[in-house]
Amino acid sequence: MSKYGLLIDYEYCTGCHTCEVACKQEHNLQPGQWGIRVFEYIQKLPGGKLYITYIPFPTELCDLCQKRVEAGLAPSCVKHCMAACMKFGPIEELAKEMAKKPRTVLWAPK
Amino acid sequence: MSIELEEGVEVKKGACWFCYQNCGMLVYVKNGEIIKIEGDPDHPINRGAMCPRPHTWKEFLYHPQRLNHPLKRVGERGEGKFKRISWSEALDEIAAKLKELKEKYGPECVASIGGTNRTDDWARRRFFNLFGSPNICHIAHVCWLPTFIAETVTYGWYAVPDIGNSKLIVVWGRNSGTNNLPEMRSILDAKENNNAKLIVVDPRLSETAAKADIWLRNRPGTDGALALAWINVIINEGLYDKEYVDKYCIGFEKLREHIQQYTPEWAEKVTWIPKEDIVETARMYATIKPATMLWGSKNEHMGWGSPSLLRARAILKAITGNLNRPGGNLVLGPDTEIYIDTDLELNEALPPEQRAKQLGADRFKMMTWPGYEVICKYTKEFWGKMPPAEWCCEAHPSYIWRAAVTGKPYPIKAIIVLASNPLVAYGNSKLVYEALKSVELLVTMDFWMTPTAMLSDYVLPAASWLERPVATSSFGTSCFLILSERPIQPLYERKTDFEFWRELGVRLGQEEYWPWKTLEEAYEYRLEPLGLGLSLSEFVQFIRMHSTTPPTTEKFATPSGKIELYSSILEQMGYDPLPTYKEPAMTPYSNPELAKEYPLILVTGIKFMPFHHSEQRQIPVLRRMHPDPLCHIHPETARSLGINDGDWIWIETPKGRIKQRAFYDVSLHPQVVCAEASWWYPEKPGPEPSLYGVFESNANVLTDDDPEILDQVYGCYYYTGLLCKVYKAEE
Ligand code: SF4
Ligand code: SF4
């Protein structure tokens, strides 16, 4: 069976923090624990334009919502992302998607 | 096994109301209890997604601080001593007091303050029209309605952005990335699918501006100057749509003459945006077709600066031919196939002599009875429907507070507050406080004990969207109605606002006007004209959003039937028929003396995730994400004042001072600071003087609502582009 992962489109992440809460509530995580975090980085690009990158990053606690997936649902963050900027699937398929959509990162858990 | 298939689980089609979006939700219910909620993949608004707020539905539904029973004050007002009473006692006593006050002072002595479009406002208006008071309002004057009216006088209704088909999107006075996430997704879709360009006008690099191709950073409060300069460039460079203007618009020559003064050079001085950028973006807006412009309520926060901006934006849509063009802005009108809010308001029941008493109607004519009657005449002729009086015809809150405190022009003796926390929502918090303290009867219906509830004589428990059906459209004006069913029966003794108004009305002799016993019955009545004969639950299985088919029309609901660039309605009402820039009352240019003591320019009202307005501070998961109020400040400015990132600082205006934490933001102009809106602290003591810390960090302690400094046409407040100073606070 192929391994699964997440394809995260950080060009379109808007930093709404939905994924963080969707994950936390689904897994009933304690304060201070997160399955995914959204980081924000602001810098001046050559030419002077200020640019903010929002990047959701899954942590050690992400299990790709195994229980949900078994029940036929998408992982909680993928399903609920308000910007629809995450995809779940077999890594090979996501890699093909990645070739079509730049500014994405592909992530897999252990 | 998927959860739907478990035995005894029902899936209810609910709709989240933790903000006004009303995203569709699938609510899984077993034995009358909610076990899970997922975004509804088939819902047109959220398409399966679900933002942080509804993920915390369980904490919200069962929170130990939720109001569950009617309470009556037993101690001094604000002392925090209440006793539990029954609904019938509460309603009997409130009804008796209203009757007594009505006999003594006239029905106009009773006022009501509403929330943010998440109640059945038509029911409130129905009650008050029958009762006889014109003095009810929301925070409509800072929330899109002035835009709606400005566009209605120009082309007969609001023009809805068609983001999906657009090639250029202009977001102005708005941060979709925190305030309207489904809309933000549509913007991103248009970028991806149509290669649409995005222009964002904002003093700060917001979540939305972060995605912009061009971000225009303006001096707060001067957006009108930018809009007028765009018109100047577009007309003088001949970039306007001549054919469209000739065919549909009137007043173009007068406009051309009028805007000659608003050159890009002039606008650069006013807005602090380089003139090259002004010219470039004006050209883009006129030439990249189709282009759409979104609504933005910040545009209504500029006092004197607002009216010209609202009208100029409407004019821009028209002269570029983007109006009624797919991918532009569409004048779709109301939903003409069902009973809209207006049809249920019973406005004809309010006699002319009571209309004439509406507070603020002598000054802010366009959002009170005088202007509303004129607008209704033309919209009724054209669409067969009128905009709702709720939101479009409201007493001005600044007048209500003053009447309560001074008794002039006549006394306000009772205030009923519903789904609102006026102590944080309205400018000049301290005056609001005085007003709430001075009335004889204060009733609040809410989910929580808020600072306003703490001052009330009766506090009534409200049912949330998890416990009630919902039918809503954009402030009762849109061509659609979003419908959902009741997931579970209300817990404890929580009730809907509809039930409250109905039961109060029945006690005051209005029984014959309240034929519907439940909200479901009322909503089914609204759908009757469709002739489908379905129950609400049956209906929402097929249709979550009823939309009317918009008429294809060559005419507009204005006196001339044309797009009135030169507005005959504004002229008739004694206002400027063309947009003329006016610098807001308290800026370094309009009040240089004051600027010596208060050198910084302040934006109040920043919105931020994961909260909506003043809500959700009680939900631990959400609060931990954003525990303290933040004031954005440029690091250079902060350092020069000895302020480190994260320090508590005082923000001070002539009205007062508040504490927030400094948040270094390199995107700001060094002279600009932006304070977050709507802060109070549910974890702090409720009784006075604390009132849940409502005066500590609440940005409306800093704002003034003196009617003189507000916009005189609609009554827009002045929340952005004020003068302030900041300095370090002790921890
Ligand atoms: S939910 Fe989506 S848009 Fe929101 S922060 Fe997470 S990845 Fe970004
Ligand atoms: S945006 Fe969030 S809070 Fe608002 S209705 Fe949608 S899910 Fe609810």
# chains A, B, ... in the order shown; residues from 1 in each chain; ligands from 1
>>> closest_atom_pairs(of="chain A", to="ligand 2", cutoff="12 Å", atoms="only C-alpha atoms and all ligand atoms", output="tab-separated table")
residue	atom	partner	partner_atom_place_in_ligand_line	distance
A:Cys16	CA	ligand 2	2 (Fe)	10.0
A:His17	CA	ligand 2	2 (Fe)	11.2
A:Thr18	CA	ligand 2	2 (Fe)	8.9
A:Val21	CA	ligand 2	2 (Fe)	11.8
A:Ala22	CA	ligand 2	7 (S)	11.4
A:His80	CA	ligand 2	7 (S)	9.1
A:Cys81	CA	ligand 2	7 (S)	10.3
A:Met82	CA	ligand 2	1 (S)	8.0
A:Ala83	CA	ligand 2	1 (S)	11.1
>>> residues_near_ligand(ligand="ligand 1", cutoff="8 Å", atoms="only C-alpha atoms and all ligand atoms", output="MDAnalysis selection string")
(chainID A and resid 8:10 12:20 37:38 54:56 77:78 80:86) or (chainID B and resid 51)
>>> residues_around(residues="range 214-220 of chain B", least_positions_apart="6", cutoff="7 Å", atoms="only C-alpha atoms", output="mmCIF file with C-alpha atoms, in the first residue's frame")
data_model
loop_
_atom_site.group_PDB
_atom_site.id
_atom_site.type_symbol
_atom_site.label_atom_id
_atom_site.label_comp_id
_atom_site.auth_asym_id
_atom_site.auth_seq_id
_atom_site.Cartn_x
_atom_site.Cartn_y
_atom_site.Cartn_z
ATOM 1 C CA LEU B 198 -5.755 41.720 -6.672
ATOM 2 C CA ILE B 199 -5.502 45.328 -5.487
ATOM 3 C CA VAL B 200 -5.850 45.939 -1.753
ATOM 4 C CA VAL B 201 -6.174 49.352 -0.154
ATOM 5 C CA ASP B 202 -5.249 49.191 3.525
ATOM 6 C CA PRO B 203 -3.000 51.120 5.911
ATOM 7 C CA ARG B 204 -1.607 47.752 7.017
ATOM 8 C CA THR B 271 -3.381 59.923 1.029
ATOM 9 C CA TRP B 272 0.412 59.575 1.176
ATOM 10 C CA ILE B 273 0.223 57.108 -1.722
ATOM 11 C CA VAL B 603 -7.027 53.056 13.384
ATOM 12 C CA THR B 720 -10.327 55.412 11.797
ATOM 13 C CA GLY B 721 -7.786 58.153 11.208
#
>>> closest_atom_pairs(of="range 576-680 of chain B", to="range 447-469 of chain B", cutoff="10 Å", atoms="only C-alpha atoms", output="CSV")
residue,atom,partner,partner_atom,distance
B:Ser614,CA,B:Thr450,CA,9.8
B:Glu615,CA,B:Trp448,CA,9.6
B:Gln618,CA,B:Trp448,CA,9.2
B:Trp680,CA,B:Pro451,CA,8.2
>>> write_last_selection(atoms="C-alpha atoms", output="compact mmCIF listing (two decimals), in the first residue's frame")
# COMPACT_ATOMS: atom_id res chain seq x y z
CA SER B 614 -16.44 40.89 20.80
CA GLU B 615 -17.26 37.18 20.94
CA GLN B 618 -14.61 32.74 26.84
CA TRP B 680 -13.41 42.91 27.13
>>> interface_residues(of="chain B", to="chain A", cutoff="9 Å", atoms="only C-alpha atoms", output="PyMOL selection string")
chain B and resi 1-3+38-39+41+46-53+55-56+177-178+181-182+184-186+188-189+205+207-208+210-211+608-610+620-622+624+666-667
>>> closest_residue(among="B:Ala349, B:Leu228, B:Leu359, B:Ile139", to="Gly114 in chain B", atoms="only C-alpha atoms")
B:Ile139
>>> closest_residue(among="A:Phe57, A:Phe88, A:Trp107, A:Tyr4", to="Gly35 in chain A", atoms="only C-alpha atoms")
A:Phe57
>>> atom_distance(atom1="CA of Pro487 in chain B", atom2="CA of Val540 in chain B")
12.2 Å
>>> residues_around(residues="Leu483 in chain B", least_positions_apart="4", cutoff="12 Å", atoms="only C-alpha atoms", output="number ranges by chain")
B: 13-17, 22-25, 43-45, 465, 468-473, 519-520, 523-524, 526-527, 535-547
>>> residues_around(residues="range 144-149 of chain B", least_positions_apart="4", cutoff="6 Å", atoms="only C-alpha atoms", output="PyMOL selection string")
chain B and resi 140+158+297+310+714
>>> write_last_selection(atoms="N, CA, C and O atoms", output="PDB file, in the first residue's frame")
ATOM      1  N   ALA B 140     -25.537  49.667  12.417  1.00  0.00           N
ATOM      2  CA  ALA B 140     -25.658  49.754  10.957  1.00  0.00           C
ATOM      3  C   ALA B 140     -24.777  50.842  10.364  1.00  0.00           C
ATOM      4  O   ALA B 140     -24.312  50.723   9.231  1.00  0.00           O
ATOM      5  N   TYR B 158     -27.826  47.710  -4.140  1.00  0.00           N
ATOM      6  CA  TYR B 158     -26.392  47.438  -4.013  1.00  0.00           C
ATOM      7  C   TYR B 158     -25.928  46.564  -5.186  1.00  0.00           C
ATOM      8  O   TYR B 158     -26.675  45.717  -5.663  1.00  0.00           O
ATOM      9  N   SER B 297     -16.544  47.542   5.255  1.00  0.00           N
ATOM     10  CA  SER B 297     -17.201  48.411   6.229  1.00  0.00           C
ATOM     11  C   SER B 297     -16.240  49.429   6.848  1.00  0.00           C
ATOM     12  O   SER B 297     -16.669  50.389   7.459  1.00  0.00           O
ATOM     13  N   LEU B 310     -17.945  56.535  -0.398  1.00  0.00           N
ATOM     14  CA  LEU B 310     -18.984  55.563  -0.756  1.00  0.00           C
ATOM     15  C   LEU B 310     -19.567  55.867  -2.128  1.00  0.00           C
ATOM     16  O   LEU B 310     -19.758  54.985  -2.961  1.00  0.00           O
ATOM     17  N   TYR B 714     -25.236  59.836   6.314  1.00  0.00           N
ATOM     18  CA  TYR B 714     -25.745  58.532   6.774  1.00  0.00           C
ATOM     19  C   TYR B 714     -25.565  58.358   8.278  1.00  0.00           C
ATOM     20  O   TYR B 714     -26.236  57.530   8.896  1.00  0.00           O
TER      21      TYR B 714
END
>>> residues_around(residues="range 423-431 of chain B", least_positions_apart="5", cutoff="9 Å", atoms="only C-alpha atoms", output="PyMOL selection string")
chain B and resi 139+397-398+401-402+405+436+451-452+613-614+655+677-680+694-695+698-706+717-719
>>> write_last_selection(atoms="C-alpha atoms", output="JSON list (two decimals), in the first residue's frame")
[["chain", "number", "residue", "atom", "x", "y", "z"],
["B", 139, "ILE", "CA", -24.44, 49.31, 14.54],
["B", 397, "PRO", "CA", -27.35, 55.57, 18.46],
["B", 398, "SER", "CA", -25.48, 58.76, 19.38],
["B", 401, "TRP", "CA", -27.54, 57.78, 24.33],
["B", 402, "ARG", "CA", -27.88, 61.53, 24.60],
["B", 405, "VAL", "CA", -28.79, 60.95, 29.60],
["B", 436, "LEU", "CA", -27.37, 52.44, 30.05],
["B", 451, "PRO", "CA", -20.75, 44.04, 30.54],
["B", 452, "THR", "CA", -24.06, 45.35, 29.18],
["B", 613, "HIS", "CA", -16.21, 40.99, 17.01],
["B", 614, "SER", "CA", -16.44, 40.89, 20.80],
["B", 655, "LYS", "CA", -11.55, 60.82, 25.11],
["B", 677, "ALA", "CA", -11.44, 46.19, 18.30],
["B", 678, "SER", "CA", -13.99, 44.87, 20.75],
["B", 679, "TRP", "CA", -11.95, 43.76, 23.74],
["B", 680, "TRP", "CA", -13.41, 42.91, 27.13],
["B", 694, "VAL", "CA", -14.74, 46.71, 29.66],
["B", 695, "PHE", "CA", -12.93, 50.03, 29.86],
["B", 698, "ASN", "CA", -11.79, 48.55, 24.47],
["B", 699, "ALA", "CA", -10.95, 50.79, 21.54],
["B", 700, "ASN", "CA", -14.25, 52.62, 21.74],
["B", 701, "VAL", "CA", -13.08, 54.27, 24.94],
["B", 702, "LEU", "CA", -10.88, 56.22, 22.51],
["B", 703, "THR", "CA", -13.51, 57.24, 19.96],
["B", 704, "ASP", "CA", -16.02, 60.04, 20.09],
["B", 705, "ASP", "CA", -19.59, 59.99, 18.81],
["B", 706, "ASP", "CA", -20.30, 63.70, 18.87],
["B", 717, "TYR", "CA", -19.00, 56.83, 12.86],
["B", 718, "TYR", "CA", -15.44, 58.07, 13.11],
["B", 719, "TYR", "CA", -13.30, 55.08, 14.10]]
>>> select_by_dssp(residues="range 343-465 of chain B", states="helix (DSSP H, G or I)", output="MDAnalysis selection string")
chainID B and resid 343:344 347:349 352:355 365:367 369:383 389:392 397:406 422:425 429:438 451:454 465
>>> residues_around(residues="Leu7 in chain A", least_positions_apart="2", cutoff="9 Å", atoms="only C-alpha atoms", output="list in words")
Gly5, Asp9, Cys85, Met86, Lys87, Phe88, Gly89, Ile91, Leu94, Ala95, Glu97, Met98, Thr104, Val105, Leu106, Trp107 and Ala108 of chain A
>>> atom_distance(atom1="CA of Thr477 in chain B", atom2="CA of Cys392 in chain B")
9.6 Å
>>> atom_distance(atom1="CA of Val142 in chain B", atom2="CA of Asp223 in chain B")
15.3 Å
>>> select_by_dssp(residues="chain A", states="strand (DSSP E)", output="PyMOL selection string")
chain A and resi 4-9+36-44+50-58+86-90+104-107
